[in-house]
Each structure stands twice: as structure tokens, then as C-alpha cells.
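Trainee: One structure, as C-alpha cells, below. Some questions next.
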Amino acid sequence: MQIILLSGGSGKRLWPLSNEIRAKQFIKIFGTVDEYHESMLQRVLRQIHKNFSQVSIIVSTSRNQKSILKKYVDADTDISIEPCRRNTFPAIALTAAYLRDVKKISDDEPIIICPVDPYVEDNFFAKFKDMANLVENSAANLVLLGINPTYPSEKYGYIIPAENNLVSDVLEFKEKPDSKTAQKYIQRGGLWNGGVFACKISYVLEKSRELLNFDTCDELFKNYSELPNISFDYAVVEHEKNIKVVRYIGDWKDVGTWNTLTEVMTEKNIGKVQFDDACENSHVINETDMPIIAMGLQNIVVAASPDGILIADKARSSFIKPFAENIHEQIKFIEKSWGVYKVIDVSEGSLTIKAILDAGNRMRYHSHEYRDEVWTVIEGNGRVVLDGRIKSVAVGDVIKIPAFVKHTIIADTDLKVIEVQIGEDITVEDKILWED
């Protein structure tokens with residue numbers, strides 16, 4: 001069994017903590033018993049490994065999330081990179097082709113396709129084995145995981161099963177309804193569609209060949225930008241006749257908005273925050289170095305990061321997306337595989353950032369065409385490589401890096417560096433990667 005985790009999303013509904021690069025699954029917001037905060041992705045990976053002592057996991061993600069993703073997964077977790085965003089069907093097809101063509105996994109291998117960010121109990125993932133067994137025994141071409149509904153929600157699609165058993169044939173699918181219609185679906189035994197599917201690799205590639213005209217990893221990758229922007233549900237699931245559903249009974253939440261996210265937080269505040277006694281049902285998440293004092297807040301969520309500040313009534317917070325889409329500022333906080341960087345100043349002809357590297361990590365070996373850089377070490381010890389020459393650096397050292405010079409920095413301890421980029425055309429695209 002192979003588990004494919006879909007890690008996409010643009011991060012608009014959880015602005016300002018999430019953005020195009022740091023989507024919601026990377027936000028460290030869930031408290032653990034050892035007072036450590038973990039992200040949605042870390043929580044899901046931990047739960048999967050708790051249910052399966054040995055399991056193969058591959059994460060499908062966009063190119064701009066590759067670096068941050070490497071920070072959160074172990075070396076045994078594969079990554080399938082989308083050249084650009086093209087919804088879930090092309091992403092699943094590309095990942096299935098990667099498993100067959102690159103990893104040499106058999107066509108008959110069952111795969112479980114799951115979003116990377118469900119908030120569920122541990123036994124949710126135990127259902128994956130039941131789904132894989134049904135696929136492996138050819139009981140169905142496609143098996144879904146249906147969520148036992150707890151209220152008539154308008155946010156989810158519905159699966160109508162043929163019978164009220166733990167495993168059932170599927171009669172039909174229903175789009176997101178209004179509350180009154182949702183109640184009728186529930187009375188018919190309807191289940192929420194949680195976006196979890198099981199099938200064989202060969203099934204996905206057959207549909208890829210039929211609907212996308214490509215079924216090899218190379219073909220899909222080269223033609224990816226031309227593929228239709230369509231979900232797996234619309235392209236495949238709703239047209240399949242030989243399909244079953246496995247029922248999951250237990251907690252399941254789609255924590256895609258600030259309102260739903262605060263419902264599952266174990267603390268009312270993260271970061272430098274003080275509440276007065278008049279605050280009720282309010283949460284504050286502060287990722288800045290500045291303190292926040294909350295007084296008399298009722299049913300409010302406050303989220304602060306270097307990219308901005310949200311102050312919202314919880315009930316209204318789910319309507320943030322169009323407002324966040326109107327913001328076209330330079331992203332000021334980005335996590336990388338080696339640490340984080342924060343934009344300190346944006347000026348005409350220069351960009352100043354603070355790079356924080358975790359001990360034992362390094363930046364990619366790279367160069368720039370259109371800008372010079374000046375690095376100043378303000379904390380820790382490490383090594384700089386300039387055109388193949390290695391030099392030890394410590395607090396107070398200044399390193400000048402002209403355009404076209406290949407360079408990297410290696411953190412022997414936790415390392416903080418102020419980087420000033422100087423040039424007329426400073427863009428993230430101005431980077432040439434080199435072999436170390």
C-alpha cells in the first residue's frame with residue numbers, strides 16, 4: 001500500500017500566517033504533551049506512523065513548497081513535484097506515474113489518496129487498510145472513505161450509500177447542498193465526502209490515458225501546464241460505477257478557516273500575548289517579536305505575522321479569502337528546508353533579510369545574475385563557500401558576494417545572518433543552482 005498525501009493550497013483563508021509558499025499545513029499551531037507545537041502535516045504523519053509500523057508515503061506538492069516540505073518530512077518520505085498548480089486529478093496522475101516509472105512500484109499496488117490536513121482521531125487512518133484490502137481483492141475499482149456526519153453541513157459534498165453498513169456500494173454523489181437539503185441527505189444515510197480515495201495505480205493511469213492523453217511520468221511532467229484544471233472528484237469519482245464506501249465514525253474536522261482552526265487549538269494564545277479577565281472565547285496567535293495585549297475581546301481571533309495582522313469576529317473570519325487576494329505585498333516570512341528568513345526592509349535597489357539557519361543545515365549552492373549580496377554574521381559560527389573556496393565565519397564577519405559568484409553558507413551552530421541584496425532587478429527568479 002502506498003499513501004499519497006495531497007499538499008497544495010494557496011493559504012488565503014489562514015492569512016497572515018499562511019501564504020503561497022507556507023500553506024496552512026505548515027503552520028505550527030497544535031500543542032502536544034511535551035509543550036511542542038506541531039503543524040497539520042506533522043500531526044498527520046505522526047498519526048499514520050502510529051497506525052502503520054512500515055508504510056510508504058509520498059507527498060504531492062507544488063514547486064514553490066518543495067523547500068519547506070523537506071523541513072517537515074523524514075528521508076523515507078518521497079516528494080512528487082507539480083511543475084505548476086493543476087488541481088487534484090493531474091496531481092494524482094503525475095504521482096501515480098512517478099510511483100510506477102521512477103519508483104518501479106507494481107501497477108497492481110493499492111494507493112490511498114488523502115488530503116494532508118484532516119483533523120481526525122488516530123483510528124481514521126486505520127481505515128486505510130480496509131480500503132486497500134477492498135481494492136486489492138477487486139471488490140471495487142474505487143473505494144471512498146465516508147465521514148459519518150454530525151450535523152447538516154453546507155460545506156461538504158455527500159456520498160449516498162446503498163445501505164447502512166460499514167462497507168457499502170455507492171448509489172450517488174451530491175454536491176454541497178443548503179442546510180435543508182443536507183438534512184434530507186443525512187436521513188437517507190448520506191456521508192460527508194472527506195476526499196479520501198483508494199484504487200490501484202493502474203486505475204489512475206488508465207484514467208490519465210483516457211482523459212489527459214498521457215500516462216507516463218515524463219509526458220505528464222512536460223505537458224503539465226496544458227492539462228485541464230480539474231479535480232479527481234469531477235473527472236473520475238462521479239463517473240465510476242464500480243465504487244464502494246467505507247464508513248468512518250469519529251471526530252473529523254476540516255480546519256480550513258480561522259474559526260474551525262481555533263476550535264481544535266489546545267491553547268487560547270501562542271506567542272507573546274496577554275489577556276485581561278474580560279476576554280471570552282478569543283484566540284491570539286502571534287508570530288512576531290512584538291507583544292500583544294488583548295482586552296475585553298469577545299469571540300475574536302487575532303493572528304499576527306511579519307506579513308500582516310488579522311483581527312476578526314470568528315463567525316466572519318471564514319470570509320477572508322477575497323480580502324487576502326487583494327494583498328500583493330512582498331512575502332516577509334518564509335520557511336525553508338534550512339531554517340527561515342524574514343524580510344526586514346524593501347527599498348529601491350535593495351532588499352534586506354534576516355536568515356536564520358538551523359545547526360547542521362546549509363543553503364543550496366547558487367549564484368545570481370542581477371544582484372550583489374552582502375552577508376553579515378550576527379550570531380553563531382559556520383562556513384561560507386565562494387566559487388569553491390571555503391572560509392570559516394563567526395559573529396561580526398562581513399562577506400561580499402558579487403553577481404555570478406557561486407556561494408552558499410553552512411551552519412555549524414544555529415546561525416543568524418543579515419543579507420543585503422543590491423541591484424536594480426531583485427527577484428526570486430534570479431537564482432542559478434549548482435552542484436555542490
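Ligands are numbered from 1 in the order shown, chains are lettered A, B, ... in the order of the C-alpha cells, and residues start at 1 in each chain.
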Go through stretch 174-233 of chain A and flag each residue having an atom no more than 10 Å from stretch 81-97 of chain A; for those, report the closest pair of atoms plus their distance in Å to one decimal, using only C-alpha atoms, ordered by chain and rising number, as JSON lines.

Mentor:
{"residue": "A:Lys200", "atom": "CA", "partner": "A:Ala96", "partner_atom": "CA", "distance": 9.2}
{"residue": "A:Ile201", "atom": "CA", "partner": "A:Ala96", "partner_atom": "CA", "distance": 5.8}
{"residue": "A:Ser202", "atom": "CA", "partner": "A:Ala96", "partner_atom": "CA", "distance": 8.3}
{"residue": "A:Tyr203", "atom": "CA", "partner": "A:Ala96", "partner_atom": "CA", "distance": 9.4}
{"residue": "A:Val204", "atom": "CA", "partner": "A:Ala93", "partner_atom": "CA", "distance": 6.1}
{"residue": "A:Leu205", "atom": "CA", "partner": "A:Ala93", "partner_atom": "CA", "distance": 6.3}
{"residue": "A:Glu206", "atom": "CA", "partner": "A:Ala93", "partner_atom": "CA", "distance": 9.4}
{"residue": "A:Lys207", "atom": "CA", "partner": "A:Ala93", "partner_atom": "CA", "distance": 8.3}
{"residue": "A:Ser208", "atom": "CA", "partner": "A:Ala93", "partner_atom": "CA", "distance": 6.0}
{"residue": "A:Arg209", "atom": "CA", "partner": "A:Ala93", "partner_atom": "CA", "distance": 9.3}
{"residue": "A:Leu211", "atom": "CA", "partner": "A:Phe89", "partner_atom": "CA", "distance": 9.9}
{"residue": "A:Leu212", "atom": "CA", "partner": "A:Pro90", "partner_atom": "CA", "distance": 8.1}
{"residue": "A:Phe214", "atom": "CA", "partner": "A:Ala93", "partner_atom": "CA", "distance": 9.1}
{"residue": "A:Asp215", "atom": "CA", "partner": "A:Ala97", "partner_atom": "CA", "distance": 6.6}
{"residue": "A:Thr216", "atom": "CA", "partner": "A:Ala97", "partner_atom": "CA", "distance": 5.5}
{"residue": "A:Cys217", "atom": "CA", "partner": "A:Ala97", "partner_atom": "CA", "distance": 4.8}
{"residue": "A:Asp218", "atom": "CA", "partner": "A:Ala97", "partner_atom": "CA", "distance": 8.6}
{"residue": "A:Glu219", "atom": "CA", "partner": "A:Leu94", "partner_atom": "CA", "distance": 9.2}
{"residue": "A:Leu220", "atom": "CA", "partner": "A:Leu94", "partner_atom": "CA", "distance": 6.1}
{"residue": "A:Phe221", "atom": "CA", "partner": "A:Pro83", "partner_atom": "CA", "distance": 6.9}
{"residue": "A:Lys222", "atom": "CA", "partner": "A:Pro83", "partner_atom": "CA", "distance": 8.6}
{"residue": "A:Asn223", "atom": "CA", "partner": "A:Pro83", "partner_atom": "CA", "distance": 9.4}
{"residue": "A:Tyr224", "atom": "CA", "partner": "A:Pro83", "partner_atom": "CA", "distance": 6.7}
{"residue": "A:Ser225", "atom": "CA", "partner": "A:Cys84", "partner_atom": "CA", "distance": 6.5}
{"residue": "A:Glu226", "atom": "CA", "partner": "A:Arg86", "partner_atom": "CA", "distance": 9.0}
{"residue": "A:Leu227", "atom": "CA", "partner": "A:Pro90", "partner_atom": "CA", "distance": 7.0}
{"residue": "A:Pro228", "atom": "CA", "partner": "A:Arg86", "partner_atom": "CA", "distance": 7.0}
{"residue": "A:Asn229", "atom": "CA", "partner": "A:Arg86", "partner_atom": "CA", "distance": 4.8}
{"residue": "A:Ile230", "atom": "CA", "partner": "A:Asn87", "partner_atom": "CA", "distance": 5.5}
{"residue": "A:Ser231", "atom": "CA", "partner": "A:Thr88", "partner_atom": "CA", "distance": 4.7}
{"residue": "A:Phe232", "atom": "CA", "partner": "A:Phe89", "partner_atom": "CA", "distance": 4.2}
{"residue": "A:Asp233", "atom": "CA", "partner": "A:Phe89", "partner_atom": "CA", "distance": 7.9}

Trainee: For the residues in the current selection, export N, CA, C and O atoms as a CSV table (one decimal), in the first residue's frame.

Mentor:
chain,number,residue,atom,x,y,z
A,200,LYS,N,-6.1,1.1,-7.4
A,200,LYS,CA,-4.8,0.6,-7.9
A,200,LYS,C,-4.1,1.7,-8.7
A,200,LYS,O,-4.8,2.6,-9.3
A,201,ILE,N,-2.8,1.6,-8.7
A,201,ILE,CA,-2.1,2.6,-9.6
A,201,ILE,C,-2.5,2.5,-11.0
A,201,ILE,O,-2.7,3.5,-11.7
A,202,SER,N,-2.8,1.3,-11.5
A,202,SER,CA,-3.2,1.0,-12.9
A,202,SER,C,-4.5,1.8,-13.2
A,202,SER,O,-4.7,2.2,-14.3
A,203,TYR,N,-5.4,1.9,-12.2
A,203,TYR,CA,-6.7,2.5,-12.4
A,203,TYR,C,-6.5,4.0,-12.7
A,203,TYR,O,-7.1,4.6,-13.6
A,204,VAL,N,-5.6,4.7,-11.9
A,204,VAL,CA,-5.3,6.1,-12.1
A,204,VAL,C,-4.7,6.3,-13.5
A,204,VAL,O,-5.1,7.2,-14.2
A,205,LEU,N,-3.8,5.5,-13.8
A,205,LEU,CA,-3.0,5.7,-15.1
A,205,LEU,C,-4.0,5.4,-16.3
A,205,LEU,O,-3.8,6.0,-17.4
A,206,GLU,N,-4.9,4.5,-16.1
A,206,GLU,CA,-5.9,4.2,-17.2
A,206,GLU,C,-6.7,5.5,-17.4
A,206,GLU,O,-7.0,5.9,-18.5
A,207,LYS,N,-7.2,6.1,-16.3
A,207,LYS,CA,-8.0,7.3,-16.4
A,207,LYS,C,-7.1,8.5,-16.9
A,207,LYS,O,-7.6,9.3,-17.7
A,208,SER,N,-5.9,8.5,-16.6
A,208,SER,CA,-5.0,9.5,-17.1
A,208,SER,C,-4.8,9.4,-18.6
A,208,SER,O,-4.9,10.4,-19.3
A,209,ARG,N,-4.7,8.2,-19.1
A,209,ARG,CA,-4.5,8.0,-20.5
A,209,ARG,C,-5.8,8.3,-21.3
A,209,ARG,O,-5.8,8.9,-22.3
A,211,LEU,N,-8.4,10.4,-20.2
A,211,LEU,CA,-8.9,11.8,-20.0
A,211,LEU,C,-7.8,12.9,-20.2
A,211,LEU,O,-8.2,14.0,-20.6
A,212,LEU,N,-6.5,12.5,-20.0
A,212,LEU,CA,-5.5,13.5,-20.2
A,212,LEU,C,-4.6,13.3,-21.4
A,212,LEU,O,-3.7,14.1,-21.7
A,214,PHE,N,-2.1,11.3,-21.6
A,214,PHE,CA,-0.8,10.9,-21.2
A,214,PHE,C,-0.8,10.0,-20.0
A,214,PHE,O,-1.7,10.1,-19.2
A,215,ASP,N,0.1,9.1,-19.9
A,215,ASP,CA,0.2,8.2,-18.7
A,215,ASP,C,1.6,7.9,-18.2
A,215,ASP,O,1.7,7.1,-17.3
A,216,THR,N,2.6,8.5,-18.8
A,216,THR,CA,3.9,8.3,-18.3
A,216,THR,C,4.4,9.5,-17.5
A,216,THR,O,3.9,10.7,-17.8
A,217,CYS,N,5.3,9.4,-16.6
A,217,CYS,CA,5.7,10.5,-15.8
A,217,CYS,C,6.4,11.6,-16.6
A,217,CYS,O,6.0,12.8,-16.4
A,218,ASP,N,7.2,11.2,-17.6
A,218,ASP,CA,7.9,12.2,-18.4
A,218,ASP,C,6.8,13.0,-19.2
A,218,ASP,O,6.9,14.3,-19.3
A,219,GLU,N,5.9,12.3,-19.8
A,219,GLU,CA,4.9,13.0,-20.6
A,219,GLU,C,4.0,14.0,-19.8
A,219,GLU,O,3.8,15.1,-20.2
A,220,LEU,N,3.6,13.5,-18.6
A,220,LEU,CA,2.7,14.3,-17.8
A,220,LEU,C,3.5,15.5,-17.3
A,220,LEU,O,2.9,16.6,-17.3
A,221,PHE,N,4.7,15.3,-16.9
A,221,PHE,CA,5.5,16.5,-16.4
A,221,PHE,C,5.8,17.5,-17.5
A,221,PHE,O,5.6,18.7,-17.3
A,222,LYS,N,6.2,17.1,-18.7
A,222,LYS,CA,6.5,18.0,-19.8
A,222,LYS,C,5.2,18.8,-20.2
A,222,LYS,O,5.3,19.9,-20.7
A,223,ASN,N,4.1,18.1,-20.2
A,223,ASN,CA,2.8,18.8,-20.7
A,223,ASN,C,1.9,19.3,-19.6
A,223,ASN,O,0.7,19.6,-19.8
A,224,TYR,N,2.5,19.4,-18.4
A,224,TYR,CA,1.6,19.6,-17.2
A,224,TYR,C,0.8,20.9,-17.3
A,224,TYR,O,-0.3,21.0,-16.9
A,225,SER,N,1.5,22.0,-17.8
A,225,SER,CA,0.8,23.3,-17.8
A,225,SER,C,-0.4,23.3,-18.8
A,225,SER,O,-1.3,24.1,-18.7
A,226,GLU,N,-0.4,22.3,-19.7
A,226,GLU,CA,-1.5,22.2,-20.7
A,226,GLU,C,-2.7,21.3,-20.2
A,226,GLU,O,-3.7,21.2,-20.9
A,227,LEU,N,-2.5,20.6,-19.1
A,227,LEU,CA,-3.5,19.7,-18.6
A,227,LEU,C,-4.7,20.5,-18.0
A,227,LEU,O,-4.5,21.6,-17.6
A,228,PRO,N,-5.9,19.9,-18.1
A,228,PRO,CA,-7.1,20.6,-17.6
A,228,PRO,C,-7.0,20.8,-16.1
A,228,PRO,O,-6.5,19.9,-15.4
A,229,ASN,N,-7.5,21.9,-15.6
A,229,ASN,CA,-7.5,22.2,-14.2
A,229,ASN,C,-8.8,21.6,-13.6
A,229,ASN,O,-9.8,22.2,-13.5
A,230,ILE,N,-8.7,20.3,-13.2
A,230,ILE,CA,-9.9,19.6,-12.8
A,230,ILE,C,-9.6,18.7,-11.6
A,230,ILE,O,-8.6,18.1,-11.5
A,231,SER,N,-10.6,18.5,-10.8
A,231,SER,CA,-10.4,17.7,-9.6
A,231,SER,C,-10.6,16.2,-9.9
A,231,SER,O,-11.3,15.9,-10.9
A,232,PHE,N,-10.1,15.4,-9.0
A,232,PHE,CA,-10.3,13.9,-9.1
A,232,PHE,C,-11.7,13.6,-9.0
A,232,PHE,O,-12.2,12.7,-9.6
A,233,ASP,N,-12.5,14.3,-8.1
A,233,ASP,CA,-13.9,14.0,-7.9
A,233,ASP,C,-14.7,14.2,-9.2
A,233,ASP,O,-15.4,13.3,-9.6

Trainee: Using the chain letters and numbers from this document, which residues of stretch 64-294 of chain A does DSSP assign to helix (DSSP H, G or I), as JSON, numbers by chain?

Mentor: {"A": [64, 65, 66, 67, 68, 69, 70, 71, 72, 88, 89, 90, 91, 92, 93, 94, 95, 96, 97, 98, 99, 100, 101, 123, 124, 125, 126, 127, 128, 129, 130, 131, 132, 133, 134, 135, 136, 179, 180, 181, 182, 183, 184, 185, 186, 187, 201, 202, 203, 204, 205, 206, 207, 208, 209, 210, 211, 217, 218, 219, 220, 221, 222, 224, 225, 226, 232, 233, 234, 235, 237, 238, 239, 258, 259, 260, 261, 262, 263]}

Trainee: Stretch 163-336 of chain A: which residues are strand (DSSP E or B) by DSSP, as a PyMOL selection string?

Mentor: chain A and resi 167-174+191-200+243-248+252-254+269-270+273-275+280+283-286+292-294+298+300-305+308-313+333-336

Trainee: Please write the residues from the selection above to a file, keeping C-alpha atoms, as a JSON list (two decimals), in the first residue's frame.

Mentor:
[["chain", "number", "residue", "atom", "x", "y", "z"],
["A", 167, "VAL", "CA", -18.88, -1.03, 3.80],
["A", 168, "SER", "CA", -21.45, -0.30, 1.13],
["A", 169, "ASP", "CA", -21.94, 0.27, -2.58],
["A", 170, "VAL", "CA", -22.41, 3.91, -3.56],
["A", 171, "LEU", "CA", -25.73, 4.97, -5.06],
["A", 172, "GLU", "CA", -24.85, 8.57, -5.97],
["A", 173, "PHE", "CA", -22.95, 11.73, -5.13],
["A", 174, "LYS", "CA", -24.47, 15.06, -4.19],
["A", 191, "LEU", "CA", -21.97, 10.57, 4.44],
["A", 192, "TRP", "CA", -19.66, 13.55, 4.11],
["A", 193, "ASN", "CA", -17.14, 13.22, 1.30],
["A", 194, "GLY", "CA", -13.78, 13.72, 3.02],
["A", 195, "GLY", "CA", -11.72, 13.49, -0.18],
["A", 196, "VAL", "CA", -10.02, 10.16, 0.65],
["A", 197, "PHE", "CA", -9.86, 7.56, -2.16],
["A", 198, "ALA", "CA", -8.36, 4.11, -2.69],
["A", 199, "CYS", "CA", -7.63, 2.38, -6.00],
["A", 200, "LYS", "CA", -4.83, 0.65, -7.86],
["A", 243, "ILE", "CA", -17.41, 2.04, -6.35],
["A", 244, "LYS", "CA", -17.72, 1.39, -2.61],
["A", 245, "VAL", "CA", -17.56, 3.49, 0.53],
["A", 246, "VAL", "CA", -16.03, 2.65, 3.91],
["A", 247, "ARG", "CA", -17.72, 4.43, 6.82],
["A", 248, "TYR", "CA", -15.66, 6.35, 9.39],
["A", 252, "TRP", "CA", -13.30, 14.77, 11.68],
["A", 253, "LYS", "CA", -12.82, 18.46, 11.07],
["A", 254, "ASP", "CA", -11.83, 20.46, 8.02],
["A", 269, "ASN", "CA", -2.77, 32.01, 22.70],
["A", 270, "ILE", "CA", 0.57, 31.28, 21.02],
["A", 273, "VAL", "CA", 0.23, 37.53, 24.28],
["A", 274, "GLN", "CA", -1.53, 38.79, 27.42],
["A", 275, "PHE", "CA", -5.31, 38.61, 28.04],
["A", 280, "GLU", "CA", -14.06, 35.38, 26.30],
["A", 283, "HIS", "CA", -7.69, 33.34, 20.46],
["A", 284, "VAL", "CA", -4.48, 35.21, 19.61],
["A", 285, "ILE", "CA", -1.61, 33.74, 17.57],
["A", 286, "ASN", "CA", 1.44, 36.00, 17.48],
["A", 292, "ILE", "CA", 0.15, 41.79, 22.00],
["A", 293, "ILE", "CA", -2.26, 42.77, 24.81],
["A", 294, "ALA", "CA", -5.89, 41.70, 24.36],
["A", 298, "GLN", "CA", -15.47, 38.54, 22.71],
["A", 300, "ILE", "CA", -12.46, 37.31, 18.30],
["A", 301, "VAL", "CA", -9.44, 35.77, 16.54],
["A", 302, "VAL", "CA", -6.22, 37.77, 16.18],
["A", 303, "ALA", "CA", -3.36, 36.47, 14.04],
["A", 304, "ALA", "CA", -0.14, 38.44, 13.63],
["A", 305, "SER", "CA", 2.91, 37.65, 11.49],
["A", 308, "GLY", "CA", 0.23, 41.31, 8.38],
["A", 309, "ILE", "CA", -2.38, 41.31, 11.16],
["A", 310, "LEU", "CA", -5.88, 39.85, 11.14],
["A", 311, "ILE", "CA", -8.48, 40.98, 13.69],
["A", 312, "ALA", "CA", -11.80, 39.26, 13.03],
["A", 313, "ASP", "CA", -15.03, 38.12, 14.58],
["A", 333, "PHE", "CA", 8.28, 35.37, 6.32],
["A", 334, "ILE", "CA", 9.30, 32.17, 4.54],
["A", 335, "GLU", "CA", 10.29, 28.79, 5.92],
["A", 336, "LYS", "CA", 12.97, 26.87, 4.05]]

Trainee: For A:Asp307, find every residue with an atom within 12 Å (counting only C-alpha atoms), except residues of its own chain fewer than 2 positions away, and show them as a ChimeraX atom specification.

Mentor: /A:14-20,22,286-288,303-305,309-310,324,327-334,342-344

Trainee: Could you list, as a ChimeraX atom specification, every residue within 7 Å of stretch 116-133 of chain A, counting only C-alpha atoms and ignoring same-chain residues fewer than 5 positions away?

Mentor: /A:1,5-7,25,40-41,44,47-48,51,110,143,198,246,248,250-255

Trainee: Here is a test: counting only C-alpha atoms, which residue of A:Thr427, A:Ser39, A:Gln421, A:Gly339 is nearest to A:Ala23?

Mentor: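 Of the candidates, the smallest distance to A:Ala23 is held by A:Ser39.
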
Trainee: For A:Thr257, find every residue with an atom within 8 Å (counting only C-alpha atoms), except residues of its own chain fewer than 5 positions away, and show them as a list in words.

Mentor: Arg13, Leu14, Ser317 and Ser318 of chain A

Trainee: Got time to write the residues from that selection, all heavy atoms, as a short mmCIF file (atom, residue, chain, number, x, y, z; two decimals), in the first residue's frame?

Mentor:
data_model
loop_
_atom_site.label_atom_id
_atom_site.label_comp_id
_atom_site.auth_asym_id
_atom_site.auth_seq_id
_atom_site.Cartn_x
_atom_site.Cartn_y
_atom_site.Cartn_z
N ARG A 13 -7.11 31.50 3.21
CA ARG A 13 -8.10 31.54 4.30
C ARG A 13 -7.47 31.62 5.69
O ARG A 13 -8.16 31.88 6.66
CB ARG A 13 -9.02 30.31 4.20
CG ARG A 13 -10.00 30.40 3.04
CD ARG A 13 -11.04 29.29 3.10
NE ARG A 13 -12.03 29.45 2.06
CZ ARG A 13 -11.95 28.97 0.83
NH1 ARG A 13 -10.87 28.28 0.49
NH2 ARG A 13 -12.90 29.15 -0.06
N LEU A 14 -6.16 31.34 5.78
CA LEU A 14 -5.49 31.47 7.07
C LEU A 14 -4.41 32.56 7.03
O LEU A 14 -3.41 32.49 7.73
CB LEU A 14 -4.88 30.12 7.50
CG LEU A 14 -5.91 29.05 7.87
CD1 LEU A 14 -5.21 27.74 8.24
CD2 LEU A 14 -6.80 29.50 9.02
N SER A 317 -14.62 35.31 10.08
CA SER A 317 -13.26 35.02 9.63
C SER A 317 -13.21 34.10 8.42
O SER A 317 -12.23 34.09 7.68
CB SER A 317 -12.45 34.41 10.78
OG SER A 317 -12.99 33.15 11.18
N SER A 318 -14.27 33.30 8.20
CA SER A 318 -14.27 32.39 7.05
C SER A 318 -14.44 33.12 5.72
O SER A 318 -14.28 32.52 4.66
CB SER A 318 -15.37 31.34 7.20
OG SER A 318 -16.64 31.95 7.31
#

Trainee: Pick out the closest residue to A:Arg362 from this set: A:Lys321, A:His407, A:Lys241, A:Lys176. Count only C-alpha atoms.

Mentor: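 Of A:Lys321, A:His407, A:Lys241, A:Lys176, the one nearest A:Arg362 is A:His407, counting only C-alpha atoms.
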
Trainee: Report, in Å to a single decimal, how far apart atom CA of A:Gly396 and atom CA of A:Ala359 are.

Mentor: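 Distance between the two atoms: 18.3 Å.
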